[in-house]
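A.B. asks: Just passing along the structure, written as structure tokens.
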Amino acid sequence: MAGAAAAGPVVVVGSCMTDLVSLTARLPKPGETIHGHEFFIGFGGKGANQCVQAARLGAKTSMICKVGKDSFGNDYIENFKRNGISTEFVHQTKDASTGAASILVDNEGQNVIVIVAGANMLLNFEDLKKATGIISKAKVMICQLEIAPITSLEALKMARASGVKTLFNPAPAIADLDPQFYTLSDVFCCNETETEILTGLQVGSPTDAGKAGAVLLERGCKVVIITMGAEGCVLVSEEDPVPKHIPTEKVVKPVDTTGAGDSFVGALAFYLAHHPDLSVEEMVRRSNFIASVSVRSSGTQSSYPFKKDLPGNLF
């Protein structure tokens, strides 16, 4: 039953955001007001996005997060239930509003985003302790940085202590990231911008990404995946430190790239939990394809494909 409490193989500790999306021909300059042609409200937040994509591929998932005691928070809980995600540890608080993201998307599918984290920042160690049972029984845990970093770090420690595989997405990136995040990450997955912030190295090509990936490996990650949008991904690992560029399906005219990185991470978690015998390279290739499907329609979670809509050879 949707919203039920049984532990699933994928647990996400992270953020929920209500997306307030405006579609416009081009992005405005500072101080400029322009007319958009469409507005809609959607469900977002990196943690929730990743959880929804994993669930739509067939993973049994649980979300550990905090929303406001407001209409956006109530709607979010219903959204999780509709996607078959356990809501036992979706906490509501009167002390802050549900997180919100204002998103502008232009005709090329490029976006600018401002987030107000709200209730997300109130998720704390006490909330994690209540969820110890599902964390310890999971196969994969995903964390990001749209909640208090100390809470994400604690979650990764709990997962590691129970032998649960950790997938960490350091987004939005912070330059002085606690070094423990690297050593606690079985899979460390970031995009070019995040990689530049973390390493101080410019990432303009797969070759650059390989060099930056080597720096992140040295910090203690086991596997590093750098996502590069239309360029696909670069993979480096402890076992095979030679960088591998894994290209992706070319999408001629992307409609909306918002949330494509989260689609990738959610898909990767699905494969880590349900198809652990695949090579990481093959998991990345399949996750690339799923993320490329998501950029073909507008919205964030609304663009994420279900298992039934995808080629059977992905499963």
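Every chain in the structure tokens has a letter given in the order shown (A, B, ...), and although residue numbers restart at 1 in each chain, ligands are simply numbered from 1 in the order shown.
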Name all residues at most 7 Å from region 124-141 of chain A (count only C-alpha atoms; drop same-chain ones fewer than 5 positions away) and give them as a PyMOL selection string.
C.D. replies: chain A and resi 7-12+89+151+155+159+162+164-167+269+272-273
A.B. asks: Could you list, as JSON, numbers by chain, every residue within 12 Å of region 274-280 of chain A, counting only C-alpha atoms and ignoring same-chain residues fewer than 5 positions away?
C.D. replies: {"A": [8, 9, 10, 54, 55, 57, 58, 59, 60, 61, 138, 139, 140, 165, 186, 187, 222, 223, 224, 225, 233, 234, 235, 236, 237, 239, 240, 244, 246, 267, 268, 269, 285, 286, 287, 314, 315]}
A.B. asks: When you look at Ala230 (chain A) with a cut-off of 8 Å (counting only C-alpha atoms), what residues show up, excluding the ones that are within fewer than 2 positions of it in the same chain? I need them as a PyMOL selection string.
C.D. replies: chain A and resi 228+232+248-251
A.B. asks: Next, the residues of the selection above should be written as a CSV table (one decimal), in the first residue's frame with N, CA and C atoms.
C.D. replies:
```
chain,number,residue,atom,x,y,z
A,228,MET,N,27.6,15.4,-17.2
A,228,MET,CA,27.9,16.5,-18.1
A,228,MET,C,26.8,16.9,-19.1
A,232,GLY,N,27.0,13.4,-21.6
A,232,GLY,CA,27.0,12.2,-20.9
A,232,GLY,C,27.7,12.3,-19.5
A,248,THR,N,25.9,9.9,-24.0
A,248,THR,CA,24.4,9.7,-23.8
A,248,THR,C,23.7,9.9,-25.1
A,249,GLU,N,22.5,9.5,-25.1
A,249,GLU,CA,21.6,9.7,-26.3
A,249,GLU,C,21.5,11.1,-26.6
A,250,LYS,N,21.7,11.5,-27.9
A,250,LYS,CA,21.6,12.9,-28.2
A,250,LYS,C,20.1,13.3,-28.3
A,251,VAL,N,19.7,14.4,-27.6
A,251,VAL,CA,18.4,14.9,-27.7
A,251,VAL,C,18.5,16.2,-28.5
```
A.B. asks: Each residue of region 114-153 of chain A lying at most 6 Å from region 66-71 of chain A should get a row with its shortest atom-to-atom pair and the distance in Å to one decimal, counting only C-alpha atoms; could you produce that, ordered by chain and increasing number, as JSON lines?
C.D. replies:
```
{"residue": "A:Ala119", "atom": "CA", "partner": "A:Val67", "partner_atom": "CA", "distance": 5.2}
{"residue": "A:Asn120", "atom": "CA", "partner": "A:Lys66", "partner_atom": "CA", "distance": 5.4}
{"residue": "A:Leu123", "atom": "CA", "partner": "A:Lys66", "partner_atom": "CA", "distance": 5.6}
```
A.B. asks: Using DSSP on the backbone coordinates, identify the residues of region 115-195 of chain A assigned to strand (DSSP E); present them as a PyMOL selection string.
C.D. replies: chain A and resi 115-116+140-143+165-168+187-191
A.B. asks: Sorted by chain and rising residue number, which residues of region 140-256 of chain A lie within 8 Å of region 24-48 of chain A, and what are their closest atom pairs and distances in Å to one decimal, counting only C-alpha atoms, as a tab-separated table?
C.D. replies:
```
residue	atom	partner	partner_atom	distance
A:Ile142	CA	A:Gly47	CA	7.6
A:Cys143	CA	A:Gly47	CA	7.0
A:Gln144	CA	A:Gly47	CA	6.7
A:Glu146	CA	A:Lys46	CA	7.2
```
